[in-house]
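Below is protein.txt, holding compact mmCIF, C-alpha atoms and all ligand atoms.
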```txt
# COMPACT_ATOMS: atom_id res chain seq x y z
CA MET A 541 1.25 211.90 99.30
CA LYS A 542 -0.85 208.78 99.97
CA ARG A 543 0.78 206.23 102.29
CA ILE A 544 0.00 202.68 101.24
CA SER A 545 0.18 199.29 102.93
CA LEU A 546 0.11 196.50 100.38
CA LEU A 547 -0.97 192.99 101.44
CA GLY A 548 0.11 190.20 99.08
CA SER A 549 2.88 192.25 97.46
CA THR A 550 4.50 189.19 95.85
CA GLY A 551 1.39 188.15 93.91
CA SER A 552 0.04 189.28 90.55
CA ILE A 553 -2.05 192.13 92.06
CA GLY A 554 0.82 193.03 94.40
CA VAL A 555 3.43 193.30 91.63
CA ASN A 556 1.04 195.34 89.46
CA THR A 557 0.27 197.65 92.39
CA LEU A 558 3.98 198.31 92.99
CA ASP A 559 4.35 199.06 89.27
CA VAL A 560 1.57 201.68 89.51
CA ILE A 561 3.15 203.17 92.65
CA GLU A 562 6.58 203.30 91.03
CA ARG A 563 5.17 205.28 88.10
CA SER A 564 3.89 208.04 90.46
CA PRO A 565 6.48 208.49 93.23
CA GLU A 566 5.23 212.04 93.88
CA ARG A 567 1.77 210.70 94.85
CA PHE A 568 2.41 207.44 96.69
CA GLU A 569 4.68 206.12 99.41
CA VAL A 570 4.89 202.46 100.42
CA CYS A 571 4.36 202.30 104.16
CA GLY A 572 3.94 198.55 104.65
CA LEU A 573 4.34 195.33 102.68
CA SER A 574 3.19 191.78 103.41
CA ALA A 575 3.76 188.50 101.57
CA GLY A 576 2.93 184.81 101.96
CA SER A 577 6.16 182.86 101.49
CA ASN A 578 8.05 184.14 98.42
CA LEU A 579 11.09 185.36 100.35
CA ASP A 580 13.42 186.29 97.46
CA LEU A 581 10.94 188.57 95.69
CA PHE A 582 9.77 190.01 99.02
CA VAL A 583 13.31 190.94 100.10
CA ARG A 584 13.89 192.69 96.74
CA GLN A 585 10.63 194.62 97.12
CA VAL A 586 11.42 195.69 100.70
CA LYS A 587 14.90 196.89 99.74
CA LYS A 588 13.51 198.83 96.80
CA PHE A 589 10.43 200.46 98.41
CA GLN A 590 11.83 200.84 101.97
CA PRO A 591 8.54 200.42 103.92
CA LYS A 592 8.32 201.05 107.68
CA VAL A 593 6.70 197.67 108.44
CA VAL A 594 6.77 194.27 106.75
CA SER A 595 5.40 190.82 107.42
CA ILE A 596 5.81 187.35 105.97
CA PHE A 597 2.97 184.93 106.63
CA ASP A 598 5.21 181.85 106.59
CA GLN A 599 6.68 181.93 110.09
CA SER A 600 9.48 179.54 109.20
CA LYS A 601 11.00 182.32 107.07
CA ILE A 602 11.11 185.15 109.61
CA ARG A 603 14.66 184.41 110.73
CA THR A 604 16.04 184.50 107.21
CA LEU A 605 13.98 187.60 106.48
CA ARG A 606 15.51 189.38 109.49
CA GLU A 607 19.02 188.36 108.39
CA ARG A 608 18.46 189.56 104.82
CA LEU A 609 16.96 192.89 105.93
CA ASN A 610 19.67 193.50 108.51
CA GLY A 611 20.58 197.20 108.65
CA LEU A 612 17.24 198.44 107.28
CA ASP A 613 15.04 200.58 109.53
CA VAL A 614 11.94 198.39 109.29
CA ALA A 615 9.65 196.57 111.75
CA ILE A 616 9.53 192.87 110.82
CA HIS A 617 6.63 190.57 111.66
CA SER A 618 5.20 187.20 110.63
CA GLY A 619 2.02 185.11 110.61
CA GLU A 620 -1.53 186.42 110.40
CA GLU A 621 -0.80 188.75 113.31
CA GLY A 622 2.00 190.30 111.27
CA THR A 623 -0.27 190.84 108.25
CA VAL A 624 -2.74 192.58 110.58
CA LYS A 625 0.09 194.82 111.88
CA VAL A 626 0.84 195.90 108.29
CA ALA A 627 -2.89 196.41 107.60
CA THR A 628 -3.38 198.61 110.65
CA TRP A 629 -0.04 200.48 110.73
CA PRO A 630 -0.81 203.96 112.15
CA ASP A 631 0.83 205.93 109.27
CA THR A 632 -1.10 204.08 106.57
CA ASP A 633 -3.84 205.92 104.66
CA LEU A 634 -4.85 203.19 102.22
CA VAL A 635 -4.57 199.40 102.45
CA VAL A 636 -4.46 197.40 99.20
CA SER A 637 -5.47 193.76 99.69
CA GLY A 638 -4.05 191.44 97.03
CA ILE A 639 -3.99 188.35 99.25
CA VAL A 640 -5.58 185.29 97.65
CA GLY A 641 -8.45 183.41 99.29
CA SER A 642 -10.11 183.65 102.68
CA ALA A 643 -6.70 184.39 104.27
CA GLY A 644 -7.40 187.99 103.27
CA LEU A 645 -10.43 188.37 105.52
CA VAL A 646 -8.91 188.97 108.97
CA PRO A 647 -6.39 191.63 107.81
CA ALA A 648 -8.98 193.40 105.61
CA LEU A 649 -11.50 193.51 108.46
CA ALA A 650 -8.81 194.80 110.82
CA ALA A 651 -7.91 197.52 108.31
CA VAL A 652 -11.45 198.88 108.03
CA GLN A 653 -11.97 198.58 111.79
CA ALA A 654 -8.85 200.75 112.17
CA GLY A 655 -10.45 203.32 109.84
CA LYS A 656 -8.18 202.69 106.83
CA SER A 657 -9.52 203.05 103.29
CA LEU A 658 -9.44 199.66 101.63
CA ALA A 659 -8.66 199.02 97.95
CA LEU A 660 -9.90 195.46 97.63
CA ALA A 661 -8.78 192.92 95.04
CA ASN A 662 -9.36 189.98 97.41
CA LYS A 663 -12.98 189.29 96.43
CA GLU A 664 -13.17 186.30 98.80
CA THR A 665 -13.26 188.75 101.74
CA LEU A 666 -16.62 190.16 100.62
CA VAL A 667 -17.92 186.76 99.51
CA ILE A 668 -17.49 185.19 102.93
CA ALA A 669 -18.09 188.18 105.19
CA GLY A 670 -19.78 190.90 103.13
CA GLU A 671 -22.11 192.00 105.88
CA LEU A 672 -19.39 192.16 108.55
CA MET A 673 -17.14 194.16 106.22
CA LEU A 674 -19.87 196.66 105.31
CA LYS A 675 -20.87 197.10 108.95
CA ALA A 676 -17.25 197.68 109.97
CA ALA A 677 -16.72 200.20 107.17
CA ALA A 678 -20.16 201.90 107.55
CA ASP A 679 -19.62 205.65 107.17
CA LYS A 680 -16.18 205.41 108.76
CA THR A 681 -14.19 204.42 105.69
CA ALA A 682 -14.43 203.43 102.02
CA ILE A 683 -14.04 200.07 100.30
CA ILE A 684 -12.86 200.71 96.73
CA PRO A 685 -12.99 197.73 94.37
CA ILE A 686 -9.96 196.67 92.33
CA ASP A 687 -11.61 193.77 90.52
CA SER A 688 -11.90 195.15 86.96
CA GLU A 689 -15.65 194.45 86.74
CA HIS A 690 -16.45 196.15 90.04
CA SER A 691 -14.10 199.01 89.27
CA ALA A 692 -16.03 199.43 85.99
CA ILE A 693 -19.35 199.54 87.86
CA PHE A 694 -17.89 201.90 90.47
CA GLN A 695 -16.65 204.22 87.69
CA ALA A 696 -19.95 204.05 85.76
CA LEU A 697 -21.74 205.05 88.97
CA ASN A 698 -19.62 208.14 89.54
CA GLY A 699 -22.05 211.03 90.09
CA GLU A 700 -25.11 208.78 89.62
CA LYS A 701 -27.82 207.92 92.13
CA ARG A 702 -27.70 204.31 93.27
CA GLU A 703 -31.50 204.14 93.49
CA GLN A 704 -31.63 204.82 89.74
CA ILE A 705 -29.76 201.63 88.83
CA LYS A 706 -32.01 199.17 87.02
CA ARG A 707 -29.48 196.35 86.84
CA ILE A 708 -25.80 195.54 86.79
CA ILE A 709 -24.47 193.75 83.71
CA LEU A 710 -21.42 191.80 84.81
CA THR A 711 -19.22 190.78 81.90
CA ALA A 712 -17.30 187.49 81.83
CA SER A 713 -14.61 186.41 79.40
CA GLY A 714 -15.87 182.82 79.54
CA GLY A 715 -12.35 181.61 80.30
CA PRO A 716 -10.33 179.05 78.32
CA PHE A 717 -13.23 176.57 77.95
CA ARG A 718 -15.87 178.94 76.57
CA THR A 719 -16.06 177.09 73.25
CA PHE A 720 -15.46 173.57 74.64
CA THR A 721 -18.28 171.02 74.63
CA ARG A 722 -19.23 169.33 77.91
CA GLU A 723 -17.57 166.15 76.62
CA GLN A 724 -14.32 168.01 75.89
CA MET A 725 -14.42 169.49 79.40
CA GLU A 726 -14.38 165.98 80.91
CA HIS A 727 -10.70 165.67 80.02
CA VAL A 728 -9.16 169.12 80.43
CA THR A 729 -5.71 169.33 82.00
CA VAL A 730 -4.27 171.71 84.60
CA ALA A 731 -2.08 173.31 81.93
CA GLN A 732 -5.13 173.99 79.72
CA ALA A 733 -7.10 175.45 82.63
CA LEU A 734 -4.19 177.73 83.55
CA LYS A 735 -4.17 179.32 80.07
CA HIS A 736 -6.50 182.30 80.40
CA PRO A 737 -7.24 183.88 77.01
CA ASN A 738 -7.06 187.56 78.14
CA TRP A 739 -5.62 188.00 81.65
CA SER A 740 -2.41 187.01 83.38
CA MET A 741 -3.24 186.26 87.04
CA GLY A 742 -2.42 184.01 90.00
CA SER A 743 -3.23 180.29 89.66
CA LYS A 744 -6.29 180.20 91.96
CA ILE A 745 -8.22 182.97 90.18
CA THR A 746 -7.17 181.53 86.81
CA ILE A 747 -8.78 178.18 87.68
CA ASP A 748 -11.80 180.09 89.06
CA SER A 749 -12.06 181.75 85.64
CA ALA A 750 -11.95 178.37 83.91
CA THR A 751 -14.83 177.01 86.07
CA MET A 752 -16.52 180.45 85.99
CA MET A 753 -16.62 180.35 89.81
CA ASN A 754 -14.75 183.63 89.48
CA LYS A 755 -17.88 185.20 87.97
CA GLY A 756 -19.98 183.59 90.70
CA LEU A 757 -17.75 185.10 93.39
CA GLU A 758 -17.97 188.44 91.57
CA TYR A 759 -21.78 188.16 91.50
CA ILE A 760 -21.72 187.94 95.31
CA GLU A 761 -19.11 190.72 95.53
CA ALA A 762 -21.32 192.99 93.38
CA LYS A 763 -24.34 192.33 95.59
CA TRP A 764 -22.42 193.50 98.66
CA LEU A 765 -20.76 196.47 96.99
CA PHE A 766 -23.71 197.86 95.06
CA GLY A 767 -26.84 196.69 96.90
CA GLN A 768 -28.48 193.30 97.46
CA GLU A 769 -31.68 194.52 95.81
CA VAL A 770 -29.99 195.40 92.50
CA PRO A 771 -30.40 192.63 89.89
CA VAL A 772 -27.09 191.34 88.52
CA ASP A 773 -27.09 189.80 85.03
CA ILE A 774 -24.05 187.96 83.75
CA ILE A 775 -23.08 188.14 80.09
CA VAL A 776 -20.16 186.48 78.34
CA HIS A 777 -18.03 188.99 76.44
CA ALA A 778 -15.02 187.07 75.18
CA GLN A 779 -12.78 190.05 74.37
CA SER A 780 -12.69 191.49 77.96
CA ILE A 781 -12.81 195.05 76.58
CA ILE A 782 -16.05 196.11 78.27
CA HIS A 783 -15.32 195.46 81.92
CA SER A 784 -18.97 195.71 83.02
CA MET A 785 -22.05 197.90 82.60
CA ILE A 786 -24.86 199.56 84.48
CA GLU A 787 -28.35 199.94 83.11
CA PHE A 788 -30.24 202.86 84.65
CA VAL A 789 -34.01 203.16 85.10
CA ASP A 790 -34.30 205.14 81.84
CA THR A 791 -32.69 202.12 80.04
CA SER A 792 -29.45 204.03 79.33
CA ILE A 793 -26.45 201.74 79.66
CA MET A 794 -23.07 203.01 80.86
CA ALA A 795 -20.15 200.72 79.98
CA GLN A 796 -16.54 201.11 81.10
CA MET A 797 -14.02 199.95 78.51
CA GLY A 798 -10.27 199.63 78.29
CA ILE A 799 -7.33 197.35 77.71
CA PRO A 800 -7.35 194.19 79.88
CA ASP A 801 -4.58 195.35 82.24
CA MET A 802 -5.09 195.27 86.02
CA ARG A 803 -2.91 198.35 86.43
CA VAL A 804 -5.84 200.45 85.18
CA PRO A 805 -8.35 199.53 87.94
CA ILE A 806 -5.50 199.46 90.49
CA ALA A 807 -4.49 203.01 89.50
CA TYR A 808 -8.11 204.15 89.82
CA ALA A 809 -8.45 202.61 93.30
CA LEU A 810 -5.17 204.19 94.45
CA SER A 811 -5.91 207.67 93.09
CA TYR A 812 -9.71 207.81 93.53
CA PRO A 813 -11.41 210.27 93.13
CA ASP A 814 -8.64 211.50 90.79
CA ARG A 815 -7.27 209.70 87.76
CA LEU A 816 -3.61 208.94 87.19
CA ASN A 817 -1.74 209.32 83.94
CA THR A 818 -0.70 205.66 83.73
CA GLU A 819 1.10 206.00 80.36
CA LEU A 820 -0.24 202.57 79.42
CA PRO A 821 -1.09 201.92 75.74
CA SER A 822 -4.53 203.19 74.68
CA LEU A 823 -7.22 200.83 73.47
CA ASP A 824 -7.21 200.83 69.66
CA LEU A 825 -10.83 200.15 68.75
CA SER A 826 -10.02 200.10 65.02
CA GLN A 827 -7.99 196.94 65.70
CA MET A 828 -10.93 195.21 67.41
CA ALA A 829 -12.68 193.12 64.76
CA GLN A 830 -15.76 192.74 66.95
CA LEU A 831 -17.17 192.85 70.46
CA THR A 832 -19.37 189.81 71.09
CA PHE A 833 -21.95 188.99 73.77
CA GLU A 834 -23.65 185.70 74.66
CA PRO A 835 -25.51 184.27 77.67
CA PRO A 836 -23.48 182.05 80.02
CA ASP A 837 -23.99 178.29 79.85
CA TYR A 838 -25.04 177.37 83.38
CA LEU A 839 -24.99 173.64 82.60
CA LYS A 840 -21.42 173.69 81.33
CA PHE A 841 -20.30 175.95 84.20
CA PRO A 842 -22.26 174.73 87.27
CA CYS A 843 -20.11 176.82 89.67
CA LEU A 844 -21.90 179.93 88.46
CA GLN A 845 -25.30 178.68 89.66
CA LEU A 846 -23.80 177.34 92.90
CA ALA A 847 -22.53 180.83 93.74
CA ILE A 848 -25.90 182.43 92.96
CA ASP A 849 -27.60 179.77 95.12
CA ALA A 850 -25.13 180.39 97.96
CA MET A 851 -25.87 184.10 97.91
CA GLU A 852 -29.60 183.39 97.92
CA ALA A 853 -29.21 181.01 100.88
CA GLY A 854 -27.15 183.69 102.65
CA GLN A 855 -25.88 183.27 106.22
CA THR A 856 -22.81 180.98 106.28
CA MET A 857 -23.44 179.43 102.82
CA PRO A 858 -21.20 181.80 100.79
CA ALA A 859 -18.33 181.07 103.22
CA VAL A 860 -18.89 177.34 102.65
CA LEU A 861 -18.99 177.81 98.87
CA ASN A 862 -15.74 179.75 99.00
CA ALA A 863 -13.84 177.40 101.31
CA ALA A 864 -14.95 174.26 99.44
CA ASN A 865 -13.91 175.96 96.21
CA GLU A 866 -10.45 176.83 97.58
CA ILE A 867 -9.86 173.21 98.63
CA ALA A 868 -11.25 171.74 95.40
CA VAL A 869 -9.22 174.12 93.21
CA GLN A 870 -6.03 173.21 95.07
CA ALA A 871 -6.86 169.49 94.69
CA PHE A 872 -7.32 170.02 90.93
CA LEU A 873 -4.00 171.94 90.73
CA ASP A 874 -2.36 169.04 92.61
CA GLU A 875 -3.95 166.66 90.07
CA LEU A 876 -5.91 164.81 92.77
CA ILE A 877 -9.30 165.40 91.15
CA PRO A 878 -10.47 166.02 87.58
CA PHE A 879 -11.76 169.46 86.55
CA LYS A 880 -15.42 168.42 86.61
CA ASP A 881 -15.16 167.35 90.27
CA ILE A 882 -14.45 170.91 91.44
CA SER A 883 -18.13 171.84 91.16
CA GLU A 884 -19.24 168.45 92.52
CA ILE A 885 -17.15 168.85 95.71
CA ILE A 886 -18.61 172.32 96.25
CA ARG A 887 -22.16 171.14 95.56
CA MET A 888 -21.84 168.26 98.05
CA ALA A 889 -20.28 170.49 100.72
CA MET A 890 -23.12 172.99 100.30
CA ASN A 891 -25.73 170.22 100.45
CA ASN A 892 -24.22 168.86 103.66
CA HIS A 893 -24.03 172.27 105.33
CA LYS A 894 -26.53 173.48 107.91
CA CYS A 895 -26.65 177.27 107.48
CA CYS A 896 -26.13 179.50 110.51
CA PRO A 897 -26.55 183.26 110.87
CA VAL A 898 -23.38 185.36 110.67
CA THR A 899 -23.20 187.64 113.69
CA CYS A 900 -19.45 187.87 114.16
CA LEU A 901 -16.11 186.86 112.67
CA THR A 902 -16.09 183.56 114.59
CA ASP A 903 -19.25 182.41 112.76
CA VAL A 904 -17.52 182.92 109.40
CA LEU A 905 -14.24 181.33 110.47
CA GLU A 906 -16.09 178.32 111.87
CA ALA A 907 -18.05 177.83 108.60
CA ASP A 908 -14.79 178.20 106.66
CA ARG A 909 -13.08 175.60 108.87
CA TRP A 910 -16.04 173.19 108.60
CA ALA A 911 -16.23 173.49 104.80
CA ARG A 912 -12.49 172.91 104.35
CA GLU A 913 -12.68 169.73 106.42
CA GLU A 914 -15.81 168.58 104.61
CA ALA A 915 -14.32 169.26 101.16
CA ARG A 916 -11.14 167.36 102.11
CA LYS A 917 -13.24 164.37 103.22
CA LEU A 918 -15.23 164.47 99.97
CA ILE A 919 -12.02 164.59 97.95
CA THR A 920 -10.74 161.50 99.73
CA VAL A 921 -13.99 159.73 98.82
CA VAL A 922 -13.87 160.63 95.10
CA HIS A 923 -10.08 160.28 94.80
N1 LIG B 1 -4.54 188.70 89.45
C1 LIG B 1 -5.49 189.44 88.98
O1 LIG B 1 -5.38 190.00 87.87
C2 LIG B 1 -6.75 189.66 89.78
C3 LIG B 1 -7.82 190.37 89.21
C4 LIG B 1 -8.94 190.61 89.99
C5 LIG B 1 -9.02 190.13 91.28
N2 LIG B 1 -7.97 189.42 91.80
C6 LIG B 1 -8.07 188.91 93.17
O2 LIG B 1 -6.94 189.37 93.89
C7 LIG B 1 -6.50 188.39 94.84
C8 LIG B 1 -5.04 188.04 94.56
O3 LIG B 1 -4.97 187.43 93.29
P1 LIG B 1 -3.56 187.19 92.58
O4 LIG B 1 -3.88 186.70 91.23
O5 LIG B 1 -2.70 188.39 92.76
O6 LIG B 1 -3.01 185.98 93.46
P2 LIG B 1 -1.50 185.45 93.58
O7 LIG B 1 -0.71 185.89 92.41
O8 LIG B 1 -1.59 184.01 93.90
O9 LIG B 1 -0.95 186.27 94.86
C9 LIG B 1 -1.46 186.05 96.14
C10 LIG B 1 -0.67 186.86 97.16
O10 LIG B 1 -1.17 186.53 98.47
C11 LIG B 1 -0.05 186.11 99.29
N3 LIG B 1 -0.55 185.15 100.26
C12 LIG B 1 -0.96 183.88 100.05
N4 LIG B 1 -1.40 183.32 101.18
C13 LIG B 1 -1.25 184.26 102.15
C14 LIG B 1 -1.52 184.27 103.54
N5 LIG B 1 -2.03 183.22 104.19
N6 LIG B 1 -1.26 185.42 104.22
C15 LIG B 1 -0.71 186.50 103.61
N7 LIG B 1 -0.45 186.53 102.29
C16 LIG B 1 -0.71 185.42 101.57
C17 LIG B 1 0.94 185.53 98.30
O11 LIG B 1 2.23 185.49 98.87
P3 LIG B 1 3.44 184.53 98.31
O12 LIG B 1 3.33 184.51 96.81
O13 LIG B 1 4.64 185.24 98.83
O14 LIG B 1 3.25 183.19 98.92
C18 LIG B 1 0.82 186.54 97.18
O15 LIG B 1 1.52 187.72 97.50
C19 LIG B 1 -7.46 187.21 94.68
O16 LIG B 1 -8.48 187.32 95.62
C20 LIG B 1 -8.03 187.38 93.28
O17 LIG B 1 -9.31 186.83 93.14
C21 LIG B 1 -6.85 189.17 91.08
```
Can you dump the structure from the file as structure tokens?
Amino acid sequence: MKRISLLGSTGSIGVNTLDVIERSPERFEVCGLSAGSNLDLFVRQVKKFQPKVVSIFDQSKIRTLRERLNGLDVAIHSGEEGTVKVATWPDTDLVVSGIVGSAGLVPALAAVQAGKSLALANKETLVIAGELMLKAAADKTAIIPIDSEHSAIFQALNGEKREQIKRIILTASGGPFRTFTREQMEHVTVAQALKHPNWSMGSKITIDSATMMNKGLEYIEAKWLFGQEVPVDIIVHAQSIIHSMIEFVDTSIMAQMGIPDMRVPIAYALSYPDRLNTELPSLDLSQMAQLTFEPPDYLKFPCLQLAIDAMEAGQTMPAVLNAANEIAVQAFLDELIPFKDISEIIRMAMNNHKCCPVTCLTDVLEADRWAREEARKLITVVH
């Protein structure tokens, strides 16, 4: 029986994780749950899965949460401190982080520092503080990726020697604007950007997929997970059937394939090194007309190059990229800026940033704070 604390239980990753857990009650027990502010769904989840500890980030909702959970034997917390309590709960074996954005960093770091295995969907954690996370995990505990691309690479590497990797081939769907011209992209709406062709996900990652910043963040994530020295090539594969590939030194390529359903990589992360019988529908290759591959268009999707540049600059630059992106994406969702300004805000914030070394959490949090303020100022200027 694996005891799981799930951070971000009310989100897309969270709901899918609970679905996987529910299908294997003999293998998993929910020990802790944390949410942001969706009280109604959270209360239903707590009543159903009966965890020992829960936390809601939105402190204004703690009183109502206590009232609605009255009579249950559960420790109730709130705020970031509460999320950390859930992430470090003594009984927990594995922490799943499905929080969105840099808010996931502090609880994820606390989890690995407490020696918990970490199944990580929250890619922003590794983007902004990859080195700190790896140092904290060291040989003490494992970070198992949930992102489908990194899960694919992780699976393709099973039993292989890391020094025999020639390159990682990171696949990208290309998002909803893959076939749009640059002129058409000048006028895209929020509704269009939120329509991902293959995946159903939270709004922030869906916009990141439309700008292809998602692939840029995944490029950085792959560098931290699989080695900075390993070349990472990005290829657009519109069908999202091959989730990523590894080329080895002998030029053999291992690809991991499957239906585009996050429950598959989540199940692998929860059950690793075993595999679960998920009872999900099998991939029917005879129904796939074709699998296509094309190079990404870096001019049409400038966020991709910005992320690669941020990783190359290193130090606090990836944290600045991430924070400016979070602010710009929210401004686009709030219809304050057009789609094309997302990359411009990030570019300007990066240009205005003076990189500093990352020696501790404070360095990252300070860069994150600076970049948010800077991006907000830039939005006011362009708005
Ligand atoms: N969705 C996918 O298929 C997918 C695939 C690969 C990777 N990922 C990554 O997984 C992460 C989650 O994505 P998602 O699509 O599941 O996002 P989502 O649907 O927006 O869910 C985000 C979750 O985080 C919670 N949350 C928000 N702010 C918080 C805070 N300050 N403290 C604690 N919890 C907070 C939300 O709570 P409330 O809703 O209660 O406010 C919600 O439970 C992202 O990093 C994303 O890049 C997602």
Could you list, as a PyMOL selection string, all protein and nucleic acid residues with an atom at most 8 Å from ligand LIG 1 (chain B), counting all atoms listed in the file?
chain A and resi 547-555+574-579+581-582+596-598+619-620+623+637-641+643-644+660-665+686-688+739-746+754+801-802
Looking at all atoms listed in the file, which of A:Val594, A:Val770, A:Ala778, A:Ile760 is the one that sits closest to Met828 in chain A?
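The shortest atom-to-atom distance to Met828 in chain A comes from A:Ala778.
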Cut-off 12 Å around (-21.0, 207.7, 89.1) with all atoms listed in the file: residues as a list of chain:residue names
A:Ser691, A:Ala692, A:Ile693, A:Phe694, A:Gln695, A:Ala696, A:Leu697, A:Asn698, A:Gly699, A:Glu700, A:Lys701, A:Arg702, A:Glu703, A:Gln704, A:Ile705, A:Phe766, A:Met785, A:Ile786, A:Phe788, A:Met794, A:Ala795, A:Gln796, A:Pro813
May I have the residues within 12 Å of Ile668 in chain A as a PyMOL selection string, using only C-alpha atoms and disregarding those fewer than 5 positions away in the same chain?
chain A and resi 641-646+649+662-663+673-674+757-758+760-761+764+847+850-851+854-865+898+900-908+911
One-decimal distance in Å that lies between CA of Ile616 in chain A and CA of Arg603 in chain A
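Value for the CA of Arg603 in chain A-CA of Ile616 in chain A distance: 9.9 Å.
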With distances taken over only C-alpha atoms, which residue among A:Glu566, A:Ile848, A:Ser545, A:Pro836 lies nearest Ala651 in chain A?
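Comparing A:Glu566, A:Ile848, A:Ser545, A:Pro836 against Ala651 in chain A, the winner is A:Ser545.
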With all atoms listed in the file as the basis for distance, which of A:Arg722, A:His893, A:His736, A:Lys592 is at the shortest distance from Ser780 in chain A?
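Once distances to Ser780 in chain A are computed over all atoms listed in the file, the minimum belongs to A:His736.
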For a quick check of understanding, using all atoms listed in the file, which of A:Ala889, A:Val730, A:Ile806, A:Leu609 has the smallest distance to Leu546 in chain A?
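Of A:Ala889, A:Val730, A:Ile806, A:Leu609, the one nearest Leu546 in chain A is A:Ile806, counting all atoms listed in the file.
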Separation of CA of Ser749 in chain A from CA of Thr832 in chain A in Å:
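Between CA of Thr832 in chain A and CA of Ser749 in chain A the gap works out to 18.2 Å.
Interatomic distance, CA of Lys763 in chain A against CA of Ala659 in chain A: 17.2 Å.
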May I have the residues within 8 Å of Glu726 in chain A as a PyMOL selection string, using only C-alpha atoms and disregarding those fewer than 4 positions away in the same chain?
chain A and resi 722+878-880
Taking (-7.7, 197.0, 77.6) in the file's coordinates, which residues come within 6 Å, counting only C-alpha atoms, written as a PyMOL selection string?
chain A and resi 781+798-801+823
Would you put the residues from that selection into a file with C-alpha atoms, as a PDB file, in the frame of the given file?
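Below is the file that was written, result-v7.pdb:
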```pdb
ATOM      1  CA  ILE A 781     -12.810 195.050  76.580  1.00  0.00           C
ATOM      2  CA  GLY A 798     -10.270 199.630  78.290  1.00  0.00           C
ATOM      3  CA  ILE A 799      -7.330 197.350  77.710  1.00  0.00           C
ATOM      4  CA  PRO A 800      -7.350 194.190  79.880  1.00  0.00           C
ATOM      5  CA  ASP A 801      -4.580 195.350  82.240  1.00  0.00           C
ATOM      6  CA  LEU A 823      -7.220 200.830  73.470  1.00  0.00           C
TER       7      LEU A 823
END
```
Closest to Ile683 in chain A among A:Gln653, A:Thr751, A:Ser564, A:Ser713, using only C-alpha atoms?
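Looking only at the distances to Ile683 in chain A, the closest residue turns out to be A:Gln653.
Proximity ranking of A:Asn892, A:Ser784, A:Thr791, A:Ser811 relative to Ile684 in chain A places A:Ser811 first, based on all atoms listed in the file.
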Selection near Tyr838 in chain A, 12 Å with all atoms listed in the file, sequence-local residues under 3 positions removed, as a compact mmCIF listing (two decimals) with C-alpha atoms, keeping the file's coordinate frame:
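out.txt, freshly written:
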```txt
# COMPACT_ATOMS: atom_id res chain seq x y z
CA GLY A 714 -15.87 182.82 79.54
CA ARG A 718 -15.87 178.94 76.57
CA ARG A 722 -19.23 169.33 77.91
CA THR A 751 -14.83 177.01 86.07
CA MET A 752 -16.52 180.45 85.99
CA MET A 753 -16.62 180.35 89.81
CA LYS A 755 -17.88 185.20 87.97
CA GLY A 756 -19.98 183.59 90.70
CA ILE A 774 -24.05 187.96 83.75
CA ILE A 775 -23.08 188.14 80.09
CA VAL A 776 -20.16 186.48 78.34
CA PRO A 835 -25.51 184.27 77.67
CA PHE A 841 -20.30 175.95 84.20
CA PRO A 842 -22.26 174.73 87.27
CA CYS A 843 -20.11 176.82 89.67
CA LEU A 844 -21.90 179.93 88.46
CA GLN A 845 -25.30 178.68 89.66
CA LEU A 846 -23.80 177.34 92.90
CA ALA A 847 -22.53 180.83 93.74
CA ILE A 848 -25.90 182.43 92.96
CA SER A 883 -18.13 171.84 91.16
```
Emit range 721-729 of chain A of the structure in the block as a file comprising N, CA and C atoms, as a PDB file, in the first residue's frame.
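Saved as decode33.pdb:
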```pdb
ATOM      1  N   THR A 721      -0.886  31.183 -39.960  1.00  0.00           N
ATOM      2  CA  THR A 721       0.210  32.046 -40.424  1.00  0.00           C
ATOM      3  C   THR A 721       0.495  33.065 -39.315  1.00  0.00           C
ATOM      4  N   ARG A 722       1.641  33.767 -39.445  1.00  0.00           N
ATOM      5  CA  ARG A 722       1.944  34.776 -38.420  1.00  0.00           C
ATOM      6  C   ARG A 722       0.886  35.887 -38.410  1.00  0.00           C
ATOM      7  N   GLU A 723       0.356  36.189 -39.586  1.00  0.00           N
ATOM      8  CA  GLU A 723      -0.684  37.234 -39.697  1.00  0.00           C
ATOM      9  C   GLU A 723      -1.950  36.768 -38.961  1.00  0.00           C
ATOM     10  N   GLN A 724      -2.319  35.501 -39.164  1.00  0.00           N
ATOM     11  CA  GLN A 724      -3.520  34.988 -38.481  1.00  0.00           C
ATOM     12  C   GLN A 724      -3.318  35.015 -36.961  1.00  0.00           C
ATOM     13  N   MET A 725      -2.083  34.790 -36.523  1.00  0.00           N
ATOM     14  CA  MET A 725      -1.827  34.736 -35.080  1.00  0.00           C
ATOM     15  C   MET A 725      -1.911  36.107 -34.406  1.00  0.00           C
ATOM     16  N   GLU A 726      -1.876  37.161 -35.219  1.00  0.00           N
ATOM     17  CA  GLU A 726      -2.011  38.529 -34.680  1.00  0.00           C
ATOM     18  C   GLU A 726      -3.362  38.707 -33.983  1.00  0.00           C
ATOM     19  N   HIS A 727      -4.377  37.949 -34.449  1.00  0.00           N
ATOM     20  CA  HIS A 727      -5.738  38.253 -34.001  1.00  0.00           C
ATOM     21  C   HIS A 727      -6.400  37.096 -33.253  1.00  0.00           C
ATOM     22  N   VAL A 728      -5.626  36.153 -32.721  1.00  0.00           N
ATOM     23  CA  VAL A 728      -6.285  35.007 -32.091  1.00  0.00           C
ATOM     24  C   VAL A 728      -6.943  35.407 -30.765  1.00  0.00           C
ATOM     25  N   THR A 729      -8.023  34.725 -30.437  1.00  0.00           N
ATOM     26  CA  THR A 729      -8.778  35.050 -29.227  1.00  0.00           C
ATOM     27  C   THR A 729      -8.415  34.062 -28.106  1.00  0.00           C
TER      28      THR A 729
END
```
